[in-house]
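To start, the structure under review is shown below, and the notes come after it.
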2 protein chains.
Amino acid sequence: MLQRLSDFIRRKPVWGWILFLSIMVVVFLIGLLAASITERRAEIATLFNNRKVEIEAFESRSDMWGVNYPREYETWKKTTDMDFKSKHLGNTRQDVLEDRPEMVVLWAGYAFAMDYEAPRGHSHAITDVRNTLRTGSPEKPEDNMQPATCWTCKSPDVPRMMHEMGIAEFYKGKWSTLGEEIVNPIGCADCHDHNSMQLNISRPGLIEAFERQGKDIKNATAQEMRSLACAQCHVEYYFKGDGKYLTFPWDKGMTVEDIEKYYDEVQHVDWVHKLSRAPMLKAQHPDFEIFNLGPHAQRGLSCADCHMPYKVDGGIKYSDHQIMSPLKNINNTCQTCHRDSEENLRRYVEDYQDKALEIRDRIEVELAKAHVFAKYAWDNGATESQMKPALELLRQAQWRWDFVVASHGATFHAPVESQRILAHSLDRSLQAHLALQNVLFALNVNPKDLKMPDISTKDKAQEYIGLDMKTLKEKKESFKNTVIPEWIKKAEQKGRLTTQKI
Amino acid sequence: MLQRLSDFIRRKPVWGWILFLSIMVVVFLIGLLAASITERRAEIATLFNNRKVEIEAFESRSDMWGVNYPREYETWKKTTDMDFKSKHLGNTRQDVLEDRPEMVVLWAGYAFAMDYEAPRGHSHAITDVRNTLRTGSPEKPEDNMQPATCWTCKSPDVPRMMHEMGIAEFYKGKWSTLGEEIVNPIGCADCHDHNSMQLNISRPGLIEAFERQGKDIKNATAQEMRSLACAQCHVEYYFKGDGKYLTFPWDKGMTVEDIEKYYDEVQHVDWVHKLSRAPMLKAQHPDFEIFNLGPHAQRGLSCADCHMPYKVDGGIKYSDHQIMSPLKNINNTCQTCHRDSEENLRRYVEDYQDKALEIRDRIEVELAKAHVFAKYAWDNGATESQMKPALELLRQAQWRWDFVVASHGATFHAPVESQRILAHSLDRSLQAHLALQNVLFALNVNPKDLKMPDISTKDKAQEYIGLDMKTLKEKKESFKNTVIPEWIKKAEQKGRLTTQKI
């Protein structure tokens with residue numbers, strides 16, 4: 001063939017030149033492409049070397065990190081635009097207590113009865129913890145309702161302050177005394193090493209829980225870290241002892257029963273119920289614990305796999321830091337593995353949530369009634385020993401209910417485990433009723449004589465449990481108008497809030 | 001290259017011959033292979049043409065079909081070697097009532113309280129329905145406890161007899177009058193067309209249920225038929241009216257609530273409970289209904305996909321007719337889709353079963369107690385109107401419990417739906433208790449004065465509910481020794497049981 005070609009060129013030299021030049025052009029273009037590929041590779045490889053600013057240890061200002069890592073930072077900023085309202089989770093409004101006034105009764109005597117909102121994105125963490133009625137209106141340190149421990153999960157300023165003050169000293173303080181120091185919402189430094197950008201555990205609670213189990217969290221794999229970074233906060237924990245030392249109750253295991261056993265053994269009581277006088281537990285948000293009992297964890301997935309899927313912008317692949325429900329991003333999350341339509345995938349999840357909600361609805365009605373019933377028994381002269389079995393059941397029932405309800409996404413993360421726990425909660429709620437009926441009969445009181453209070457709205461329920469919401473709200477408004485601006489001003493003066501312009 | 005080769009051969013002619021002969025040998029072997037492939041193809045293609053015997057319409061002797069279809073027949077025969085005992089399902093013994101004596105109390109007044117065994121393979125269907133105490137010992141037609149409808153799902157002789165007698169006439173008869181006709185266990189003709197071998201619906205119940213919903217079952221796809229063939233029997237049904245006409249209660253839908261609504265509306269009562277006098281429902285085995293609400297059905301799988309996986313013997317692919325738990329054959333079933341170890345896959349299923357079993361255990365304890373409690377209320381002079389709410393709750397609670405417990409594999413087929421149903425059952429069981437406590441108090445009886453009977457074993461529970469098991473068993477033995485051999489002898493004389501030797 002080459003022989004024939006050379007014959008042809010010998011006969012028609014002009015065509016020979018045209019062919020030669022065409023080949024030259026093609027080779028040149030291939031060269032350009034190769035250069036572009038090399039350049040892109042280099043761009044990715046030198047991302048760390050191209051840092052524009054040096055990030056120092058305990059740098060809590062995420063905007064500083066954003067100068068070097070604009071993609072992660074920009075997506076993190078989008079956490080302002082998020083909420084987790086869902087009719088399938090039973091709250092269509094931001095104010096959950098408006099949707100479910102029984103919860104006011106369940107938490108009577110505890111701060112959650114004043115104010116409980118649907119969760120929002122990470123960047124709201126500081127605003128929300130300042131503004132909630134649960135942190136009160138401490139104009140002076142002695143007005144504090146809450147310990148400094150309440151800040152623990154809210155800000156990358158926390159590891160900085162723990163480093164400065166010492167961990168135990170940090171927890172021992174009062175919430176308001178750190179208002180001018182803890183000002184940046186959950187951000188980069190909470191999960192990343194300032195130097196290597198590796199995932200990093202900044203909170204002592206998780207490290208200590210591992211240590212008590214004889215494990216070193218430094219041995220965790222990269223994939224495990226993609227869940228453990230979240231497990232610094234998205235877990236069950238409690239404020240231990242007078243020092244309010246944030247502690248994970250995992251020493252006996254991580255199921256709802258294991259943790260209850262732990263709390264029972266250390267005789268932990270979060271609060272005494274105002275109506276029933278039951279020694280209550282409040283679940284935080286045992287997301288990691290429940291996730292680990294579900295099908296996605298069983299198959300080796302991490303939190304980040306679905307909540308921080310990879311994105312590609314201009315050839316650079318990175319994790320989406322707008323941490324949110326995977327249902328808002330099905331094509332980048334579920335559909336990475338599941339070959340099924342978006343509509344179907346959403347329906348499967350919502351079906352699970354709806355089925356759990358059915359049982360949750362029943363529990364809340366029965367538990368609220370049981371607390372009222374218990375008050376009625378006390379009012380009619382019941383004794384401590386008569387009431388004890390019922391109060392134990394109320395503690396157990398509500399702990400189980402709360403474990404599922406407080407856990408973000410529980411009914412999807414581990415649908416069967418969630419249903420199991422809810423069934424046990426409903427079981428104990430009704431057993432409490434049975435016990436209370438017996439107490440009333442022993443007192444010669446007909447349970448049917450009890451007139452159930454009207455708790456059909458949040459306002460009515462709060463009034464019934466004796467909350468003076470008007471005063472609480474007025475005080476909070478004053479606190480928001482006077483104390484918070486002062487905190488922000490001082491933080492700005494100290495350079496804690498500088499938005500770095502370069 | 002050819003030029004060089006021809007030069008070489010010209011120089012060394014012996015090598016040329018060796019090369020030529022080698023090529024001839026290879027070509028010959030390829031020819032053999034091609035012939036073998038063609039032959040195998042032909043073998044498969046002419047499987048139907050090579051039939052050794054002609055199968056006639058309503059041929060109920062599976063061994064006749066086995067002459068033509070030895071692979072399917074041989075695997076079907078293996079259904080003799082199977083049971084479905086499982087500690088994760090809560091029955092480790094063949095006799096379920098031995099394992100769970102509360103069930104005796106739940107079924108007091110109904111035949112299931114005498115005898116309830118773990119399911120076995122299809123080929124035991126006739127033996128088991130003859131031998132169970134539930135069919136009694138009818139030496140004369142008037143001794144019958146059961147209608148002929150009880151045969152409906154047991155044998156391919158049923159469509160034959162329905163064809164001979166007419167459907168309504170078949171159902172109207174007494175069970176024992178067909179003992180010499182219905183002799184072959186569930187087999188080929190139950191699901192296959194005798195001529196085309198296509199899947200075929202032989203039972204009118206399913207066809208009629210489709211018709212009432214305005215659907216024609218003939219329009220079902222091949223994949224749908226791979227479930228519908230099973231849905232002829234593995235469903236919820238009841239014996240309607242005095243004619244005991246087998247009817248699927250699907251007119252309002254197929255969920256546990258839809259079917260209950262249907263039964264309530266037609267005021268169907270399977271039996272009146274002997275202790276509580278509640279108007280009870282007995283669930284059959286709503287396998288198809290529950291399967292349809294689970295993840296595998298949602299993703300388009302049929303029963304046969306997991307219960308009758310494909311096998312290959314000597315190049316011929318066929319369905320395994322040893323219908324059984326896919327857990328006994330994980331590598332051919334689950335692992336077709338799920339890339340996970342056998343150990344893990346088994347654990348996921350058993351976890352689901354264990355979590356459901358926890359709630360089931362609670363229900364059985366509470367429901368049994370509630371029936372006893374109700375009897376106590378009657379014994380103390382309760383009135384119909386006082387008892388009505390509690391009895392309604394008992395009916396509802398036990399219906400839900402039974403729907404899950406009677407459904408083979410429910411807690412795997414639809415684990416979340418099963419948990420939801422069980423939670424509602426437990427809820428209503430305890431609500432029944434609350435109602436009954438109130439009745440007792442209204443009668444001035446202290447519920448605590450009730451001494452719970454000892455129902456810790458099957459024998460004790462059966463004695464408590466007033467069953468004379470000794471007589472029942474003796475009568476059954478006599479029936480098995482006299483009547484059944486007579487049935488078999490007559491069937492043999494009529495040629496119903498011929499084992500065809502060719």
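Residue numbers start at 1 in each chain; chains themselves are named A, B, ... in the order of the structure tokens; ligands are numbered from 1 in the order shown.
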Strand (DSSP E or B) residues, from DSSP on the backbone, in segment 212-454 of chain A, as an NGL selection string: :A and (238-240 or 245-247 or 271-272 or 279-280 or 310-313 or 316-319)
Filtering to C-alpha atoms, could you give me those residues as a short mmCIF file (atom, residue, chain, number, x, y, z; two decimals), in the first residue's frame?
```cif
data_model
loop_
_atom_site.label_atom_id
_atom_site.label_comp_id
_atom_site.auth_asym_id
_atom_site.auth_seq_id
_atom_site.Cartn_x
_atom_site.Cartn_y
_atom_site.Cartn_z
CA TYR A 238 -25.31 13.82 77.60
CA PHE A 239 -23.84 16.42 79.94
CA LYS A 240 -22.22 14.35 82.65
CA TYR A 245 -18.85 17.15 80.63
CA LEU A 246 -20.16 16.15 77.19
CA THR A 247 -20.09 12.34 77.17
CA TRP A 271 -35.28 16.31 83.86
CA VAL A 272 -38.21 15.41 86.06
CA PRO A 279 -37.48 10.76 85.64
CA MET A 280 -37.04 11.56 81.96
CA TYR A 310 -18.98 14.35 44.47
CA LYS A 311 -19.39 17.17 41.99
CA VAL A 312 -17.24 18.10 39.01
CA ASP A 313 -16.65 21.73 38.04
CA ILE A 316 -12.07 19.39 39.29
CA LYS A 317 -13.88 16.82 41.39
CA TYR A 318 -14.85 17.75 44.95
CA SER A 319 -17.38 16.95 47.66
#
```
Chain B residues near chain A (7 Å cut-off, only C-alpha atoms) as a list in words: Tyr352, Lys355, Pro415, Val416, Gln419, Arg420, Ala423, Leu426, Asp427, Leu430 and Leu434 of chain B
Saved selection, atoms kept: N, CA, C and O atoms, as a JSON list (two decimals), in the first residue's frame:
```json
[["chain", "number", "residue", "atom", "x", "y", "z"],
["B", 352, "TYR", "N", -34.08, -8.77, 60.10],
["B", 352, "TYR", "CA", -35.46, -8.33, 59.88],
["B", 352, "TYR", "C", -36.42, -9.24, 60.63],
["B", 352, "TYR", "O", -37.36, -8.79, 61.29],
["B", 355, "LYS", "N", -36.29, -8.76, 64.46],
["B", 355, "LYS", "CA", -36.90, -7.51, 64.93],
["B", 355, "LYS", "C", -38.42, -7.63, 64.93],
["B", 355, "LYS", "O", -39.10, -7.11, 65.82],
["B", 415, "PRO", "N", -40.50, -5.88, 55.16],
["B", 415, "PRO", "CA", -40.16, -5.77, 56.58],
["B", 415, "PRO", "C", -40.78, -4.55, 57.26],
["B", 415, "PRO", "O", -41.24, -4.64, 58.39],
["B", 416, "VAL", "N", -40.82, -3.41, 56.57],
["B", 416, "VAL", "CA", -41.34, -2.20, 57.20],
["B", 416, "VAL", "C", -42.85, -2.28, 57.32],
["B", 416, "VAL", "O", -43.43, -1.94, 58.37],
["B", 419, "GLN", "N", -43.67, -4.57, 60.19],
["B", 419, "GLN", "CA", -43.49, -3.92, 61.48],
["B", 419, "GLN", "C", -44.62, -2.94, 61.76],
["B", 419, "GLN", "O", -45.08, -2.80, 62.89],
["B", 420, "ARG", "N", -45.04, -2.23, 60.71],
["B", 420, "ARG", "CA", -46.14, -1.28, 60.88],
["B", 420, "ARG", "C", -47.40, -2.02, 61.34],
["B", 420, "ARG", "O", -48.06, -1.62, 62.31],
["B", 423, "ALA", "N", -47.08, -3.28, 64.92],
["B", 423, "ALA", "CA", -47.21, -2.19, 65.90],
["B", 423, "ALA", "C", -48.68, -1.86, 66.13],
["B", 423, "ALA", "O", -49.11, -1.65, 67.28],
["B", 426, "LEU", "N", -50.20, -4.62, 68.32],
["B", 426, "LEU", "CA", -49.84, -4.48, 69.74],
["B", 426, "LEU", "C", -50.62, -3.32, 70.36],
["B", 426, "LEU", "O", -51.13, -3.42, 71.49],
["B", 427, "ASP", "N", -50.73, -2.22, 69.61],
["B", 427, "ASP", "CA", -51.50, -1.06, 70.05],
["B", 427, "ASP", "C", -52.91, -1.48, 70.43],
["B", 427, "ASP", "O", -53.38, -1.25, 71.57],
["B", 430, "LEU", "N", -53.30, -3.77, 73.55],
["B", 430, "LEU", "CA", -53.23, -3.07, 74.84],
["B", 430, "LEU", "C", -54.42, -2.15, 75.04],
["B", 430, "LEU", "O", -54.89, -1.96, 76.17],
["B", 434, "LEU", "N", -57.01, -1.99, 78.22],
["B", 434, "LEU", "CA", -57.49, -0.79, 78.89],
["B", 434, "LEU", "C", -59.01, -0.81, 78.97],
["B", 434, "LEU", "O", -59.60, -0.52, 80.02]]
```
Pick from A:Leu281, A:Ala209, A:Ala111, A:Ala118, whichever lies nearest to Gly136 of chain A using only C-alpha atoms: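 Residue with the minimum atom-to-atom distance to Gly136 of chain A: A:Ala111.
From atom CA of Ala113 of chain A back to atom CA of Val158 of chain A, the distance works out to 26.8 Å.
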Nearest to Leu275 of chain B by atom-to-atom distance, counting only C-alpha atoms, from B:Asp379, B:Glu211, B:Asp83, B:Asp320: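 Ranked by minimum distance to Leu275 of chain B, first place goes to B:Asp379.
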B:Glu492, B:Glu265, B:Asp287, B:Glu224 ranked by distance to Tyr237 of chain B, top pick (using only C-alpha atoms): B:Asp287
Nearest candidate to Lys172 of chain B (options B:Asp63, B:Glu486, B:Glu74, B:Asp242; using only C-alpha atoms):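 Closest candidate: B:Asp242.
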Distance query Ala220 of chain B at most 12 Å, only C-alpha atoms, self and fewer than 4 positions along chain excluded, as a ChimeraX atom specification: /B:199-201,207,210,215-216,224-229
Pick from B:Tyr116, B:Gly214, B:Lys244, B:Asp258, whichever lies nearest to Ala168 of chain B using only C-alpha atoms: B:Lys244
Å distance separating atom CA of Asp454 of chain B from atom CA of Ala406 of chain B, one decimal place: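 Between atom CA of Asp454 of chain B and atom CA of Ala406 of chain B the gap works out to 25.2 Å.
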For Thr177 of chain A, the nearest of the candidates A:Met161, A:Ala432, A:Val349, A:Ile323, counting only C-alpha atoms: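 Answer, going by the shortest atom-to-atom distance: A:Met161.
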Contact residues around Ala278 of chain A with only C-alpha atoms at 9 Å, ignoring same-chain residues under 5 positions, as a ChimeraX atom specification: /A:271-273,371,374,388,390-395
Gap from atom CA of Ile23 of chain A to atom CA of Phe8 of chain A - Å, one decimal: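 Interatomic distance here is 17.0 Å.
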Residues near segment 179-193 of chain A, cut-off 7 Å, only C-alpha atoms, skip fewer than 2 positions along chain, as an MDAnalysis selection string: chainID A and resid 58:62 122:126 154:158 176:177 195:202 229 487:488 490:491
Keeping N, CA, C and O atoms for every residue in the selection just given, could you write it to a file as a CSV table (one decimal), in the first residue's frame?
```
chain,number,residue,atom,x,y,z
A,58,PHE,N,-6.6,26.1,64.4
A,58,PHE,CA,-7.8,26.7,65.1
A,58,PHE,C,-8.4,27.9,64.3
A,58,PHE,O,-9.0,28.8,64.9
A,59,GLU,N,-8.1,28.0,63.0
A,59,GLU,CA,-8.8,29.0,62.2
A,59,GLU,C,-10.3,28.7,62.1
A,59,GLU,O,-10.6,27.8,61.4
A,60,SER,N,-11.1,29.5,62.8
A,60,SER,CA,-12.5,29.2,62.8
A,60,SER,C,-13.3,29.9,61.7
A,60,SER,O,-14.5,29.7,61.5
A,61,ARG,N,-12.7,30.9,61.1
A,61,ARG,CA,-13.4,31.7,60.1
A,61,ARG,C,-13.4,30.9,58.7
A,61,ARG,O,-12.4,30.9,58.0
A,62,SER,N,-14.5,30.3,58.4
A,62,SER,CA,-14.6,29.5,57.2
A,62,SER,C,-14.3,30.3,55.9
A,62,SER,O,-13.8,29.8,54.9
A,122,HIS,N,-26.2,23.9,58.2
A,122,HIS,CA,-25.1,24.2,59.2
A,122,HIS,C,-24.8,25.7,59.4
A,122,HIS,O,-24.4,26.1,60.5
A,123,SER,N,-24.9,26.5,58.4
A,123,SER,CA,-24.5,27.9,58.5
A,123,SER,C,-25.4,28.7,59.4
A,123,SER,O,-25.2,29.8,59.8
A,124,HIS,N,-26.6,28.1,59.8
A,124,HIS,CA,-27.5,28.8,60.7
A,124,HIS,C,-27.2,28.4,62.2
A,124,HIS,O,-27.9,28.9,63.1
A,125,ALA,N,-26.2,27.6,62.4
A,125,ALA,CA,-26.0,27.0,63.8
A,125,ALA,C,-25.9,28.1,64.9
A,125,ALA,O,-26.6,28.0,65.9
A,126,ILE,N,-25.1,29.1,64.6
A,126,ILE,CA,-24.9,30.1,65.7
A,126,ILE,C,-26.2,31.0,65.8
A,126,ILE,O,-26.7,31.2,67.0
A,154,LYS,N,-21.8,23.7,67.8
A,154,LYS,CA,-22.3,24.8,67.0
A,154,LYS,C,-21.3,25.5,66.2
A,154,LYS,O,-21.6,26.2,65.3
A,155,SER,N,-20.0,25.3,66.5
A,155,SER,CA,-19.0,26.3,65.9
A,155,SER,C,-17.6,25.7,65.9
A,155,SER,O,-17.2,25.1,66.9
A,156,PRO,N,-16.8,26.1,64.9
A,156,PRO,CA,-15.4,25.8,64.9
A,156,PRO,C,-14.6,26.7,65.9
A,156,PRO,O,-13.4,26.4,66.1
A,157,ASP,N,-15.3,27.6,66.5
A,157,ASP,CA,-14.6,28.4,67.6
A,157,ASP,C,-14.5,27.5,68.9
A,157,ASP,O,-13.8,27.8,69.8
A,158,VAL,N,-15.3,26.4,68.9
A,158,VAL,CA,-15.3,25.6,70.1
A,158,VAL,C,-13.9,24.9,70.3
A,158,VAL,O,-13.4,25.0,71.4
A,176,SER,N,-23.6,31.9,78.3
A,176,SER,CA,-23.5,33.3,77.8
A,176,SER,C,-22.1,33.8,77.9
A,176,SER,O,-21.8,34.8,77.2
A,177,THR,N,-21.3,33.2,78.8
A,177,THR,CA,-19.9,33.8,79.0
A,177,THR,C,-19.1,33.6,77.7
A,177,THR,O,-18.0,34.3,77.6
A,195,ASN,N,-3.8,22.0,58.1
A,195,ASN,CA,-2.6,21.9,57.3
A,195,ASN,C,-2.8,20.9,56.1
A,195,ASN,O,-2.6,21.3,55.0
A,196,SER,N,-3.2,19.7,56.5
A,196,SER,CA,-3.2,18.6,55.4
A,196,SER,C,-4.6,18.6,54.7
A,196,SER,O,-4.7,17.9,53.7
A,197,MET,N,-5.6,19.3,55.3
A,197,MET,CA,-7.0,19.2,54.8
A,197,MET,C,-7.6,17.8,55.0
A,197,MET,O,-8.8,17.6,54.6
A,198,GLN,N,-6.9,16.9,55.6
A,198,GLN,CA,-7.5,15.6,55.9
A,198,GLN,C,-8.6,15.8,56.9
A,198,GLN,O,-8.7,16.8,57.7
A,199,LEU,N,-9.6,14.8,56.9
A,199,LEU,CA,-10.6,14.9,57.9
A,199,LEU,C,-10.0,14.7,59.2
A,199,LEU,O,-9.1,13.9,59.4
A,200,ASN,N,-10.6,15.4,60.2
A,200,ASN,CA,-10.0,15.5,61.5
A,200,ASN,C,-11.1,15.5,62.6
A,200,ASN,O,-12.1,16.2,62.4
A,201,ILE,N,-10.9,14.8,63.6
A,201,ILE,CA,-11.9,14.8,64.7
A,201,ILE,C,-11.5,15.9,65.7
A,201,ILE,O,-10.4,15.9,66.4
A,202,SER,N,-12.3,17.0,65.8
A,202,SER,CA,-11.9,18.1,66.6
A,202,SER,C,-12.6,18.1,68.0
A,202,SER,O,-12.3,18.9,68.8
A,229,ALA,N,-16.5,12.0,61.1
A,229,ALA,CA,-16.5,13.5,61.1
A,229,ALA,C,-17.9,14.0,61.5
A,229,ALA,O,-18.0,14.9,62.4
A,487,TRP,N,-22.2,41.0,71.7
A,487,TRP,CA,-21.3,39.9,71.4
A,487,TRP,C,-20.7,40.0,70.0
A,487,TRP,O,-19.5,39.8,69.9
A,488,ILE,N,-21.5,40.4,69.0
A,488,ILE,CA,-21.0,40.4,67.7
A,488,ILE,C,-19.9,41.6,67.6
A,488,ILE,O,-18.9,41.4,66.9
A,490,LYS,N,-18.0,42.8,69.9
A,490,LYS,CA,-16.8,42.4,70.5
A,490,LYS,C,-16.0,41.4,69.7
A,490,LYS,O,-14.8,41.4,69.6
A,491,ALA,N,-16.7,40.4,69.1
A,491,ALA,CA,-16.1,39.4,68.3
A,491,ALA,C,-15.4,40.1,67.1
A,491,ALA,O,-14.3,39.7,66.7
```
